[in-house]
file input_0.cif (mmCIF, C-alpha atoms and all ligand atoms)
data_input
loop_
_atom_site.label_atom_id
_atom_site.label_comp_id
_atom_site.auth_asym_id
_atom_site.auth_seq_id
_atom_site.Cartn_x
_atom_site.Cartn_y
_atom_site.Cartn_z
CA MET A 1 0.00 0.00 0.00
CA ILE A 2 1.31 3.45 -0.83
CA PRO A 3 1.24 5.61 2.28
CA GLU A 4 -0.98 8.64 2.10
CA VAL A 5 1.90 10.96 2.72
CA LEU A 6 3.73 9.67 -0.32
CA ILE A 7 0.70 9.97 -2.58
CA LEU A 8 0.32 13.56 -1.51
CA LEU A 9 3.99 14.26 -1.87
CA ALA A 10 4.23 12.56 -5.22
CA ALA A 11 1.23 14.58 -6.31
CA GLY A 12 3.22 17.53 -5.14
CA PHE A 13 2.28 20.80 -3.70
CA ASP A 14 3.65 24.15 -4.55
CA ALA A 15 1.60 26.62 -2.58
CA LYS A 16 2.94 29.52 -4.65
CA ASN A 17 1.20 28.12 -7.71
CA PHE A 18 -2.17 28.00 -6.10
CA LEU A 19 -4.86 30.53 -6.59
CA ALA A 20 -4.28 33.50 -4.37
CA GLY A 21 -7.15 34.62 -2.20
CA CYS A 22 -8.67 31.19 -1.79
CA VAL A 23 -7.84 30.76 1.88
CA MET A 24 -8.76 27.81 4.05
CA GLU A 25 -10.54 28.27 7.32
CA VAL A 26 -8.66 27.40 10.50
CA SER A 27 -11.34 24.80 11.28
CA ASP A 28 -10.47 23.04 7.98
CA LEU A 29 -6.82 23.17 8.92
CA GLN A 30 -7.54 21.52 12.22
CA ASP A 31 -9.04 18.57 10.37
CA MET A 32 -5.90 18.18 8.35
CA SER A 33 -3.42 15.51 9.38
CA LEU A 34 0.14 16.40 10.26
CA GLU A 35 1.54 14.95 7.08
CA GLN A 36 -0.84 16.99 4.94
CA THR A 37 0.05 20.12 6.81
CA LEU A 38 3.75 19.67 6.18
CA PHE A 39 3.34 20.15 2.42
CA HIS A 40 1.87 23.52 2.95
CA LEU A 41 4.64 24.90 5.10
CA HIS A 42 7.01 27.40 3.54
CA GLU A 43 9.13 27.62 6.67
CA PRO A 44 11.11 25.06 8.62
CA ILE A 45 9.53 23.94 11.84
CA LEU A 46 10.78 22.17 14.94
CA PHE A 47 8.89 19.31 16.57
CA LYS A 48 10.44 19.51 20.01
CA ASN A 49 10.86 16.30 22.00
CA VAL A 50 8.43 14.53 19.69
CA LEU A 51 10.03 11.11 19.25
CA ARG A 52 8.97 8.31 21.54
CA SER A 53 11.08 5.35 22.54
CA SER A 54 9.89 1.78 22.59
CA GLU A 55 7.19 2.02 25.26
CA ASP A 56 4.96 3.84 22.75
CA SER A 57 3.36 2.57 19.59
CA ASN A 58 5.20 4.99 17.28
CA SER A 59 8.43 3.73 18.55
CA TRP A 60 11.99 4.77 17.86
CA LYS A 61 13.77 1.82 19.40
CA ILE A 62 17.10 3.44 18.57
CA LEU A 63 16.33 5.89 21.40
CA ASP A 64 16.49 3.04 23.91
CA TRP A 65 20.13 2.47 23.03
CA SER A 66 23.13 4.47 24.13
CA LEU A 67 25.80 5.12 21.50
CA HIS A 68 27.79 2.32 23.15
CA ASP A 69 24.82 -0.07 22.77
CA PHE A 70 24.65 0.98 19.12
CA ALA A 71 28.39 0.31 18.76
CA ASN A 72 27.93 -3.17 20.26
CA LYS A 73 25.25 -3.96 17.70
CA LEU A 74 27.63 -2.97 14.89
CA GLY A 75 30.44 -5.13 16.32
CA ASN A 76 33.61 -5.18 14.24
CA ARG A 77 32.06 -3.65 11.14
CA LYS A 78 34.32 -0.85 9.85
CA LEU A 79 32.67 2.40 8.82
CA PRO A 80 34.34 5.06 6.64
CA PHE A 81 34.59 8.28 8.68
CA ARG A 82 35.65 11.49 6.97
CA VAL A 83 38.34 13.22 9.00
CA GLY A 84 38.49 17.01 9.21
CA LYS A 85 40.21 19.50 11.49
CA ASN A 86 38.75 21.61 14.24
CA ILE A 87 40.58 24.69 13.05
CA ALA A 88 39.56 27.92 11.34
CA THR A 89 40.15 27.95 7.60
CA ASP A 90 39.38 30.54 4.94
CA SER A 91 37.34 28.30 2.70
CA PRO A 92 35.14 25.35 3.62
CA GLN A 93 36.66 21.95 4.39
CA TRP A 94 35.03 20.32 1.38
CA GLU A 95 34.02 16.69 1.48
CA VAL A 96 36.42 15.88 -1.36
CA GLU A 97 39.32 17.31 0.66
CA THR A 98 38.71 15.40 3.86
CA PRO A 99 40.38 11.96 3.88
CA THR A 100 38.48 8.90 5.05
CA LYS A 101 39.52 6.52 7.84
CA ASN A 102 37.84 3.19 8.45
CA LYS A 103 36.91 2.67 12.07
CA THR A 104 34.53 0.54 14.07
CA MET A 105 31.88 2.52 15.91
CA LYS A 106 33.60 1.46 19.17
CA GLU A 107 36.94 2.89 18.00
CA PHE A 108 35.18 6.07 16.91
CA LEU A 109 33.58 6.48 20.35
CA GLN A 110 36.82 5.73 22.20
CA GLU A 111 38.76 8.24 20.17
CA THR A 112 36.25 11.07 20.05
CA MET A 113 34.79 10.91 23.52
CA GLN A 114 38.12 10.91 25.31
CA GLY A 115 40.38 12.49 22.74
CA SER A 116 41.51 16.06 22.23
CA ASN A 117 38.94 16.90 19.54
CA SER A 118 41.60 18.46 17.33
CA GLN A 119 40.06 16.41 14.51
CA TRP A 120 36.45 15.63 13.71
CA TYR A 121 35.09 12.38 12.30
CA TYR A 122 31.95 12.04 10.20
CA PHE A 123 30.23 8.92 8.92
CA ASP A 124 27.84 11.00 6.91
CA TYR A 125 25.19 10.85 4.19
CA LYS A 126 24.94 7.05 4.30
CA ARG A 127 21.91 5.05 3.17
CA MET A 128 21.10 2.86 6.14
CA ASN A 129 19.94 -0.08 4.03
CA GLN A 130 23.32 -0.19 2.29
CA TRP A 131 25.42 -0.10 5.43
CA PHE A 132 23.26 -2.11 7.81
CA GLU A 133 21.70 -4.50 5.32
CA GLU A 134 22.10 -7.53 7.58
CA LEU A 135 21.04 -5.69 10.70
CA PRO A 136 17.23 -5.48 10.55
CA GLU A 137 17.13 -4.62 14.24
CA ILE A 138 18.81 -1.31 13.40
CA LEU A 139 16.81 -0.66 10.23
CA GLU A 140 13.56 -1.32 12.08
CA SER A 141 14.48 0.91 15.02
CA ILE A 142 13.43 3.94 12.95
CA ASP A 143 9.74 4.71 12.52
CA TRP A 144 8.38 7.77 10.71
CA SER A 145 4.71 6.85 11.25
CA GLN A 146 4.15 9.80 13.59
CA PHE A 147 4.53 11.88 10.45
CA GLY A 148 1.99 9.86 8.50
CA SER A 149 4.65 7.94 6.66
CA GLU A 150 5.39 4.24 6.49
CA LEU A 151 9.04 4.94 5.89
CA THR A 152 11.57 3.27 8.20
CA GLY A 153 15.33 2.87 8.46
CA TYR A 154 15.27 1.07 5.09
CA ASP A 155 14.48 4.43 3.46
CA SER A 156 16.58 6.66 5.72
CA THR A 157 20.03 8.20 5.74
CA ILE A 158 22.30 8.22 8.79
CA TRP A 159 24.84 10.79 10.05
CA ILE A 160 27.24 9.94 12.93
CA GLY A 161 29.76 12.62 13.87
CA SER A 162 32.01 13.95 16.61
CA LYS A 163 32.24 17.52 17.84
CA GLY A 164 32.93 19.83 14.91
CA ALA A 165 31.84 17.33 12.23
CA HIS A 166 29.85 19.37 9.76
CA THR A 167 28.13 19.53 6.41
CA ASN A 168 28.86 22.70 4.49
CA CYS A 169 26.01 25.01 3.61
CA HIS A 170 24.01 23.60 0.69
CA GLN A 171 20.61 23.17 -0.88
CA ASP A 172 19.25 19.72 -1.71
CA THR A 173 17.86 19.59 -5.20
CA TYR A 174 15.05 17.17 -4.45
CA GLY A 175 12.20 16.84 -2.01
CA CYS A 176 11.60 18.15 1.44
CA ASN A 177 13.30 16.77 4.50
CA LEU A 178 12.48 15.33 7.92
CA VAL A 179 15.45 15.08 10.29
CA ALA A 180 15.39 13.18 13.58
CA GLN A 181 18.04 13.81 16.21
CA THR A 182 18.47 10.65 18.27
CA HIS A 183 21.76 11.24 20.14
CA GLY A 184 23.84 14.31 20.91
CA ARG A 185 23.23 17.87 19.74
CA LYS A 186 23.45 19.46 16.34
CA PHE A 187 23.50 23.07 15.26
CA TRP A 188 21.51 24.04 12.14
CA LEU A 189 21.74 27.27 10.19
CA LEU A 190 18.92 27.64 7.69
CA PHE A 191 18.44 30.08 4.83
CA SER A 192 15.32 30.51 2.73
CA PRO A 193 15.46 29.43 -0.94
CA ASP A 194 15.58 33.04 -2.16
CA CYS A 195 18.88 33.70 -0.31
CA TYR A 196 20.86 32.03 -3.04
CA ASP A 197 22.17 35.25 -4.53
CA ARG A 198 23.62 36.12 -1.11
CA LEU A 199 25.24 32.72 -0.51
CA LYS A 200 27.74 32.63 -3.40
CA VAL A 201 26.47 29.38 -4.85
CA THR A 202 28.83 26.91 -6.46
CA ARG A 203 28.67 23.46 -8.09
CA VAL A 204 32.41 23.01 -7.59
CA PRO A 205 33.30 20.67 -6.00
CA TYR A 206 30.55 18.71 -7.69
CA GLU A 207 28.10 16.55 -5.82
CA GLU A 208 25.03 15.34 -7.62
CA SER A 209 21.81 16.87 -6.24
CA THR A 210 23.68 19.26 -3.93
CA ILE A 211 24.13 22.96 -4.62
CA TYR A 212 26.77 24.36 -2.28
CA SER A 213 27.31 27.81 -0.90
CA SER A 214 31.00 28.73 -1.04
CA PHE A 215 30.69 30.23 2.44
CA ASN A 216 32.46 28.70 5.38
CA PHE A 217 30.03 28.67 8.29
CA PHE A 218 32.28 26.40 10.35
CA SER A 219 34.69 29.27 10.85
CA PRO A 220 32.93 32.24 9.30
CA GLY A 221 34.85 35.38 8.52
CA ASP A 222 33.87 38.84 7.54
CA ARG A 223 32.27 37.93 4.19
CA GLU A 224 29.91 35.40 5.81
CA ILE A 225 28.92 37.86 8.55
CA GLN A 226 28.37 40.65 6.00
CA ALA A 227 26.19 38.37 3.87
CA ILE A 228 24.04 37.46 6.88
CA LYS A 229 23.65 41.13 7.73
CA LYS A 230 22.19 41.77 4.27
CA MET A 231 19.59 39.02 4.48
CA MET A 232 15.94 39.86 4.85
CA PRO A 233 14.49 39.39 8.34
CA GLY A 234 13.14 35.87 8.69
CA SER A 235 15.16 34.40 5.86
CA ALA A 236 17.97 33.08 8.07
CA LYS A 237 17.27 30.84 11.05
CA ILE A 238 19.23 29.08 13.75
CA ILE A 239 18.37 26.01 15.83
CA VAL A 240 20.09 23.41 17.99
CA LEU A 241 18.54 19.95 17.75
CA GLU A 242 18.54 17.71 20.79
CA PRO A 243 17.63 14.05 21.21
CA LYS A 244 13.99 13.31 20.29
CA ASP A 245 13.65 16.50 18.21
CA VAL A 246 12.50 16.42 14.59
CA LEU A 247 13.13 19.24 12.15
CA PHE A 248 11.02 19.69 9.03
CA ILE A 249 12.81 21.50 6.19
CA PRO A 250 10.66 22.62 3.27
CA ARG A 251 11.90 22.24 -0.26
CA GLY A 252 14.79 24.50 -1.27
CA TRP A 253 15.90 25.71 2.17
CA TRP A 254 19.70 26.01 2.48
CA HIS A 255 21.33 24.44 5.50
CA TYR A 256 24.66 24.29 7.32
CA VAL A 257 24.83 21.57 9.98
CA GLU A 258 27.40 20.96 12.74
CA SER A 259 27.70 18.41 15.55
CA LEU A 260 28.17 20.08 18.92
CA ASN A 261 29.15 16.81 20.55
CA THR A 262 29.14 13.17 19.48
CA SER A 263 25.87 12.90 17.67
CA LEU A 264 23.65 10.63 15.63
CA SER A 265 20.83 11.79 13.38
CA ILE A 266 18.63 10.20 10.75
CA ASN A 267 16.73 11.78 7.91
CA VAL A 268 14.36 11.02 5.05
CA TRP A 269 13.77 13.07 1.92
CA LEU A 270 10.16 13.12 0.84
CA PRO A 271 9.57 13.51 -2.90
CA VAL A 272 7.60 16.46 -4.26
CA GLU A 273 6.06 17.10 -7.67
CA GLU A 274 8.64 19.70 -8.62
CA ASP A 275 11.34 17.04 -8.42
CA CYS A 276 10.81 16.28 -12.10
CA ASN A 277 11.99 19.78 -13.07
CA ALA A 278 14.81 19.53 -10.58
CA ARG A 279 15.79 16.22 -12.18
CA LEU A 280 15.97 17.87 -15.59
CA ARG A 281 18.23 20.59 -14.18
CA GLU A 282 20.45 17.95 -12.53
CA THR A 283 20.80 16.01 -15.79
CA LEU A 284 21.98 19.22 -17.48
CA VAL A 285 24.58 19.82 -14.78
CA HIS A 286 25.61 16.18 -15.10
CA LEU A 287 26.08 16.68 -18.85
CA VAL A 288 28.34 19.71 -18.32
CA MET A 289 30.31 17.97 -15.57
CA ASP A 290 30.93 14.80 -17.58
CA THR A 291 31.99 16.72 -20.70
CA ILE A 292 33.81 20.03 -20.32
CA GLY A 293 33.84 19.61 -16.54
CA LYS A 294 35.23 16.11 -16.36
CA ASP A 295 38.36 17.23 -14.49
CA ILE A 296 36.38 18.95 -11.75
CA THR A 297 36.74 17.26 -8.37
CA ARG A 298 33.62 15.40 -7.38
CA THR A 299 32.38 13.26 -4.55
CA GLU A 300 32.37 9.51 -4.74
CA HIS A 301 28.56 9.59 -4.96
CA HIS A 302 28.84 10.60 -8.63
CA GLN A 303 28.84 7.92 -11.30
CA GLU A 304 30.55 9.08 -14.46
CA SER A 305 28.59 8.64 -17.70
CA THR A 306 29.30 8.78 -21.41
CA VAL A 307 28.01 11.71 -23.45
CA ALA A 308 25.35 9.45 -24.98
CA GLU A 309 24.21 8.40 -21.50
CA CYS A 310 24.06 12.02 -20.37
CA PHE A 311 21.75 12.91 -23.28
CA GLN A 312 19.64 9.87 -22.49
CA PHE A 313 19.21 11.18 -18.92
CA VAL A 314 18.15 14.56 -20.29
CA GLN A 315 15.62 12.89 -22.56
CA ASN A 316 14.28 10.71 -19.73
CA SER A 317 13.78 13.69 -17.48
CA LEU A 318 11.97 15.63 -20.24
CA GLU A 319 9.68 12.63 -20.67
CA GLU A 320 9.07 12.59 -16.93
CA CYS A 321 8.15 16.31 -17.01
CA GLN A 322 5.73 15.52 -19.82
CA LYS A 323 4.15 12.72 -17.79
CA VAL A 324 3.63 14.98 -14.80
CA GLN A 325 2.00 17.57 -17.09
CA THR A 326 -0.51 15.10 -18.45
CA SER A 327 -1.24 13.22 -15.23
CA ASP A 328 -1.96 16.59 -13.69
CA ASP A 329 -5.41 16.41 -15.31
CA GLU A 330 -6.41 13.20 -13.67
CA VAL A 331 -4.54 12.96 -10.43
CA LEU A 332 -2.90 16.17 -9.43
CA ALA A 333 -5.91 18.42 -9.85
CA LYS A 334 -7.81 16.44 -7.24
CA ARG A 335 -5.00 16.89 -4.81
CA ARG A 336 -4.63 20.60 -5.25
CA ARG A 337 -5.36 22.62 -2.19
CA PRO A 338 -6.15 26.24 -1.80
CA ASN A 339 -3.40 28.62 -0.82
CA ILE A 340 -2.90 28.64 2.91
CA ASP A 341 -1.98 31.69 4.86
CA GLN A 342 1.23 30.68 6.64
CA GLU A 343 0.48 32.43 9.92
CA ARG A 344 -2.89 30.76 10.22
CA LEU A 345 -1.36 27.44 9.28
CA LEU A 346 1.24 27.81 12.02
CA SER A 347 -1.29 28.82 14.64
CA ALA A 348 -3.51 25.86 13.72
CA LEU A 349 -0.49 23.58 13.92
CA LYS A 350 0.41 24.99 17.31
CA GLU A 351 -3.11 24.56 18.57
CA LYS A 352 -3.19 20.97 17.47
CA TYR A 353 0.36 19.97 18.39
CA SER A 354 1.01 22.58 21.04
CA ARG A 355 3.34 20.44 23.10
CA HIS A 356 5.75 19.95 20.25
CA VAL A 357 5.57 22.60 17.56
CA GLN A 358 8.12 25.34 18.03
CA HIS A 359 9.10 28.34 16.03
CA ILE A 360 12.71 28.58 14.87
CA ALA A 361 14.58 31.70 15.92
CA ASP A 362 15.84 34.16 13.35
CA LEU A 363 19.57 34.32 12.84
CA THR A 364 21.32 37.60 13.36
CA SER A 365 25.03 38.20 12.96
CA GLU A 366 25.05 38.91 16.73
CA ASN A 367 23.57 35.57 17.80
CA LEU A 368 25.81 33.75 15.34
CA ILE A 369 28.87 35.38 16.87
CA LEU A 370 27.60 34.69 20.38
CA PHE A 371 26.97 31.10 19.44
CA LEU A 372 30.41 30.62 17.95
CA LYS A 373 32.12 32.16 20.97
CA LYS A 374 30.06 30.26 23.52
CA ASN A 375 30.65 26.93 21.87
CA ASP A 376 34.16 27.70 20.76
CA VAL A 377 33.22 26.44 17.31
CA GLY A 378 36.09 26.76 14.92
CA ASN A 379 37.74 29.48 17.07
CA SER A 380 36.99 31.62 14.12
CA PHE A 381 37.15 35.29 14.83
CA ASN A 382 40.32 35.82 16.74
CA SER A 383 42.39 32.99 15.53
CA GLN A 384 44.64 32.82 12.52
CA ARG A 385 42.66 31.58 9.55
CA ILE A 386 44.42 29.09 7.36
CA ASN A 387 44.22 29.57 3.61
CA ILE A 388 43.81 26.10 2.18
CA HIS A 389 43.28 27.29 -1.40
CA GLN A 390 46.24 29.47 -2.24
CA ASN A 391 45.51 31.87 -5.10
CA GLN A 392 43.07 29.45 -6.64
CA GLU A 393 41.26 32.19 -8.56
CA LEU A 394 44.43 33.22 -10.39
CA SER A 395 45.59 29.76 -11.42
CA LYS A 396 44.71 27.92 -14.63
CA GLU A 397 42.77 25.36 -12.57
CA GLY A 398 40.92 28.17 -10.84
CA LEU A 399 39.81 29.64 -14.17
CA TYR A 400 38.78 26.23 -15.49
CA ALA A 401 36.68 25.57 -12.37
CA ALA A 402 35.15 29.05 -12.58
CA VAL A 403 34.08 28.56 -16.22
CA VAL A 404 32.53 25.14 -15.57
CA ASP A 405 30.89 26.52 -12.43
CA ALA A 406 29.42 29.43 -14.41
CA PHE A 407 27.88 27.02 -16.94
CA CYS A 408 26.35 25.10 -14.02
CA HIS A 409 25.12 28.14 -12.12
CA PRO A 410 21.51 27.52 -11.05
CA SER A 411 20.29 30.60 -12.94
CA VAL A 412 21.95 29.39 -16.18
CA ILE A 413 20.75 25.82 -15.78
CA SER A 414 17.22 26.98 -14.92
CA ARG A 415 17.07 29.08 -18.07
CA VAL A 416 18.33 26.20 -20.24
CA SER A 417 15.80 23.84 -18.70
CA GLU A 418 12.98 26.35 -19.24
CA ILE A 419 13.89 26.61 -22.91
CA LEU A 420 13.90 22.83 -23.24
CA VAL A 421 10.59 22.45 -21.42
CA ASP A 422 9.05 25.13 -23.67
CA ARG A 423 10.28 23.28 -26.69
CA PHE A 424 9.60 19.68 -25.77
CA VAL A 425 6.96 19.52 -23.05
CA GLU A 426 3.44 19.99 -24.27
CA LYS A 427 1.33 22.03 -21.93
CA LYS A 428 -2.26 21.21 -21.12
CA SER A 429 -4.41 23.19 -23.56
CA ASP A 430 -5.74 25.52 -20.81
CA ASP A 431 -2.16 26.48 -19.85
CA VAL A 432 -1.17 27.67 -23.31
O1 LIG R 1 23.40 16.43 9.39
C1 LIG R 1 24.13 16.87 8.50
O2 LIG R 1 25.34 17.02 8.64
C2 LIG R 1 23.53 17.27 7.18
C3 LIG R 1 22.14 16.84 7.01
C4 LIG R 1 21.57 17.28 5.70
O3 LIG R 1 22.20 17.93 4.92
C5 LIG R 1 20.22 16.90 5.37
O4 LIG R 1 19.55 16.20 6.14
O5 LIG R 1 19.76 17.34 4.28
#
call {"tool": "encode", "arguments": {"input": "input_0.cif", "output": "structure tokens"}}
result
Amino acid sequence: MIPEVLILLAAGFDAKNFLAGCVMEVSDLQDMSLEQTLFHLHEPILFKNVLRSSEDSNSWKILDWSLHDFANKLGNRKLPFRVGKNIATDSPQWEVETPTKNKTMKEFLQETMQGSNSQWYYFDYKRMNQWFEELPEILESIDWSQFGSELTGYDSTIWIGSKGAHTNCHQDTYGCNLVAQTHGRKFWLLFSPDCYDRLKVTRVPYEESTIYSSFNFFSPGDREIQAIKKMMPGSAKIIVLEPKDVLFIPRGWWHYVESLNTSLSINVWLPVEEDCNARLRETLVHLVMDTIGKDITRTEHHQESTVAECFQFVQNSLEECQKVQTSDDEVLAKRRRPNIDQERLLSALKEKYSRHVQHIADLTSENLILFLKKNDVGNSFNSQRINIHQNQELSKEGLYAAVVDAFCHPSVISRVSEILVDRFVEKKSDDV
């Protein structure tokens, strides 16, 4: 059976495209289930202390286990941890620049919980069903049913890191995101989708379905602080997740994430209708990267393709866009909902889930600085910053990367994809 949440998500919802002025009553909103409500949110939201351990029906068994229990269940299995440094650097410590060390979870805990913390370790962005295939106990210890979804650990991604382990600021191309913090604490910086012209976006280094900001929020300097100062109120947010918290991130929100101590979190990406256009844009980036950009550094997640394969991907994604256009008549129209005023939506959510729903505080340059000082993250402001990319802009490699990056800039790729959609995707007659 396809869970209701997935049908709705697959049907997609882009509130901006809905008829303005057709506003739902709060009483209607109160009848809506949590999973339905999520699609309508334009802003991230925190479900504080929402996860229940095994005594409840919606159980997260993983919460019953300490990190040492978890390590015992993994036994001698070696996991690849990326190793970075807890120092201030000018540019981000990119994934492709951090070497990997294989360690058992026990070794990881021994080293990071007693060690000096001069290095951070991150077993990150790992599909649980690939890494824990023969450990159903672990895969079944995750349960998203509280959010109206039948998804479990088989569909989820895991992140295990020590203090300072971080994911550089980026936007995921697909879906919206539910993140569960099960152990330790994690700091999240969030920026609304329209901040991209302030965040110095880059596709270099290249990771499929990830658009990076070139800012270094681990040890931010003046340019990061200045950029934050110029952001519109409400478009930058800050939150620390603690065990049992769940964060919902709507489609397109940028995020920088950092472990404040040894931490474990799990997430699922939920598909949305607009993913088909995003897929087309990704196939175009893929084409550039595997042709003129084939010498650009990339993460191991990327599978190189021939030119013919790249064009096949473009064609497939155009066909998918066409399918979504035509099925819109039969399926999607029924699932369309009127535009929902966000404030009323939030107040209805709070009324219904008052114990858990919490607003996320706005980020100011002042609270970012306070945060960094209090937690001693990256020792950024007063310490010597290390330049790990000497004169990259002036070198031949720097120019090459800049040209490929310009071809892959989201505004360029969006325009190319629009032209292709106009040319190849037939609109419904009433849209023409
Ligand atoms: O936890 C992290 O380090 C990053 C998580 C993330 O990027 C995501 O869930 O989309």
call {"tool": "residues_around", "arguments": {"input": "input_0.cif", "residues": "Val268 (chain A)", "least_positions_apart": "5", "cutoff": "7 Å", "atoms": "all atoms listed in the file", "output": "list of chain:residue names"}}
result
A:Asp155, A:Ser156, A:Thr157, A:Asn177, A:Leu178, A:Val179
call {"tool": "residues_near_ligand", "arguments": {"input": "input_0.cif", "ligand": "ligand LIG 1 (chain R)", "cutoff": "6 Å", "atoms": "only C-alpha atoms and all ligand atoms", "output": "PyMOL selection string"}}
result
chain A and resi 159+166-167+179+257+267
call {"tool": "atom_distance", "arguments": {"input": "input_0.cif", "atom1": "CA of Thr306 (chain A)", "atom2": "CA of Trp131 (chain A)"}}
result
28.5 Å
call {"tool": "residues_around", "arguments": {"input": "input_0.cif", "residues": "region 359-364 of chain A", "least_positions_apart": "4", "cutoff": "7 Å", "atoms": "all atoms listed in the file", "output": "number ranges by chain"}}
result
A: 45-46, 234, 236-239, 368
call {"tool": "closest_residue", "arguments": {"input": "input_0.cif", "among": "A:Ile62, A:Met113, A:Met232, A:Ile211", "to": "Asp405 (chain A)", "atoms": "all atoms listed in the file"}}
result
A:Ile211
call {"tool": "residues_around", "arguments": {"input": "input_0.cif", "residues": "region 394-403 of chain A", "least_positions_apart": "4", "cutoff": "7 Å", "atoms": "all atoms listed in the file", "output": "NGL selection string"}}
result
:A and (204 or 296 or 407)
call {"tool": "closest_residue", "arguments": {"input": "input_0.cif", "among": "A:His301, A:Lys427, A:Arg279, A:Arg223", "to": "Ser91 (chain A)", "atoms": "all atoms listed in the file"}}
result
A:Arg223
call {"tool": "closest_residue", "arguments": {"input": "input_0.cif", "among": "A:Leu370, A:Val96, A:Ile160, A:Ala348", "to": "Thr299 (chain A)", "atoms": "only C-alpha atoms"}}
result
A:Val96
call {"tool": "residues_around", "arguments": {"input": "input_0.cif", "residues": "Phe248 (chain A)", "least_positions_apart": "6", "cutoff": "12 Å", "atoms": "only C-alpha atoms", "output": "mmCIF file with C-alpha atoms, in the coordinates of the input"}}
result
data_model
loop_
_atom_site.group_PDB
_atom_site.id
_atom_site.type_symbol
_atom_site.label_atom_id
_atom_site.label_comp_id
_atom_site.auth_asym_id
_atom_site.auth_seq_id
_atom_site.Cartn_x
_atom_site.Cartn_y
_atom_site.Cartn_z
ATOM 1 C CA LEU A 34 0.140 16.400 10.260
ATOM 2 C CA GLU A 35 1.540 14.950 7.080
ATOM 3 C CA THR A 37 0.050 20.120 6.810
ATOM 4 C CA LEU A 38 3.750 19.670 6.180
ATOM 5 C CA PHE A 39 3.340 20.150 2.420
ATOM 6 C CA HIS A 40 1.870 23.520 2.950
ATOM 7 C CA LEU A 41 4.640 24.900 5.100
ATOM 8 C CA HIS A 42 7.010 27.400 3.540
ATOM 9 C CA GLU A 43 9.130 27.620 6.670
ATOM 10 C CA PRO A 44 11.110 25.060 8.620
ATOM 11 C CA ILE A 45 9.530 23.940 11.840
ATOM 12 C CA LEU A 46 10.780 22.170 14.940
ATOM 13 C CA PHE A 47 8.890 19.310 16.570
ATOM 14 C CA LYS A 48 10.440 19.510 20.010
ATOM 15 C CA PHE A 147 4.530 11.880 10.450
ATOM 16 C CA GLY A 175 12.200 16.840 -2.010
ATOM 17 C CA CYS A 176 11.600 18.150 1.440
ATOM 18 C CA ASN A 177 13.300 16.770 4.500
ATOM 19 C CA LEU A 178 12.480 15.330 7.920
ATOM 20 C CA VAL A 179 15.450 15.080 10.290
ATOM 21 C CA ALA A 180 15.390 13.180 13.580
ATOM 22 C CA GLN A 181 18.040 13.810 16.210
ATOM 23 C CA TRP A 188 21.510 24.040 12.140
ATOM 24 C CA LEU A 190 18.920 27.640 7.690
ATOM 25 C CA ILE A 239 18.370 26.010 15.830
ATOM 26 C CA LEU A 241 18.540 19.950 17.750
ATOM 27 C CA HIS A 255 21.330 24.440 5.500
ATOM 28 C CA ASN A 267 16.730 11.780 7.910
ATOM 29 C CA VAL A 268 14.360 11.020 5.050
ATOM 30 C CA TRP A 269 13.770 13.070 1.920
ATOM 31 C CA LEU A 270 10.160 13.120 0.840
ATOM 32 C CA VAL A 357 5.570 22.600 17.560
ATOM 33 C CA GLN A 358 8.120 25.340 18.030
ATOM 34 C CA HIS A 359 9.100 28.340 16.030
ATOM 35 C CA ILE A 360 12.710 28.580 14.870
#
call {"tool": "closest_residue", "arguments": {"input": "input_0.cif", "among": "A:Thr89, A:Ser59, A:Gln114, A:Gln315", "to": "Ser141 (chain A)", "atoms": "all atoms listed in the file"}}
result
A:Ser59
call {"tool": "closest_residue", "arguments": {"input": "input_0.cif", "among": "A:Arg52, A:Lys101, A:Lys186, A:Lys163", "to": "Lys85 (chain A)", "atoms": "all atoms listed in the file"}}
result
A:Lys163
call {"tool": "atom_distance", "arguments": {"input": "input_0.cif", "atom1": "CA of His68 (chain A)", "atom2": "CA of Lys106 (chain A)"}}
result
7.1 Å
call {"tool": "residues_around", "arguments": {"input": "input_0.cif", "residues": "Asp275 (chain A)", "least_positions_apart": "2", "cutoff": "8 Å", "atoms": "all atoms listed in the file", "output": "list in words"}}
result
Thr173, Tyr174, Gly175, Pro271, Val272, Glu273, Asn277, Ala278 and Arg279 of chain A
call {"tool": "atom_distance", "arguments": {"input": "input_0.cif", "atom1": "CA of Pro205 (chain A)", "atom2": "CA of Thr297 (chain A)"}}
result
5.4 Å
call {"tool": "closest_residue", "arguments": {"input": "input_0.cif", "among": "A:Gln119, A:Gln312, A:Asn129, A:Ser53", "to": "Ile87 (chain A)", "atoms": "all atoms listed in the file"}}
result
A:Gln119
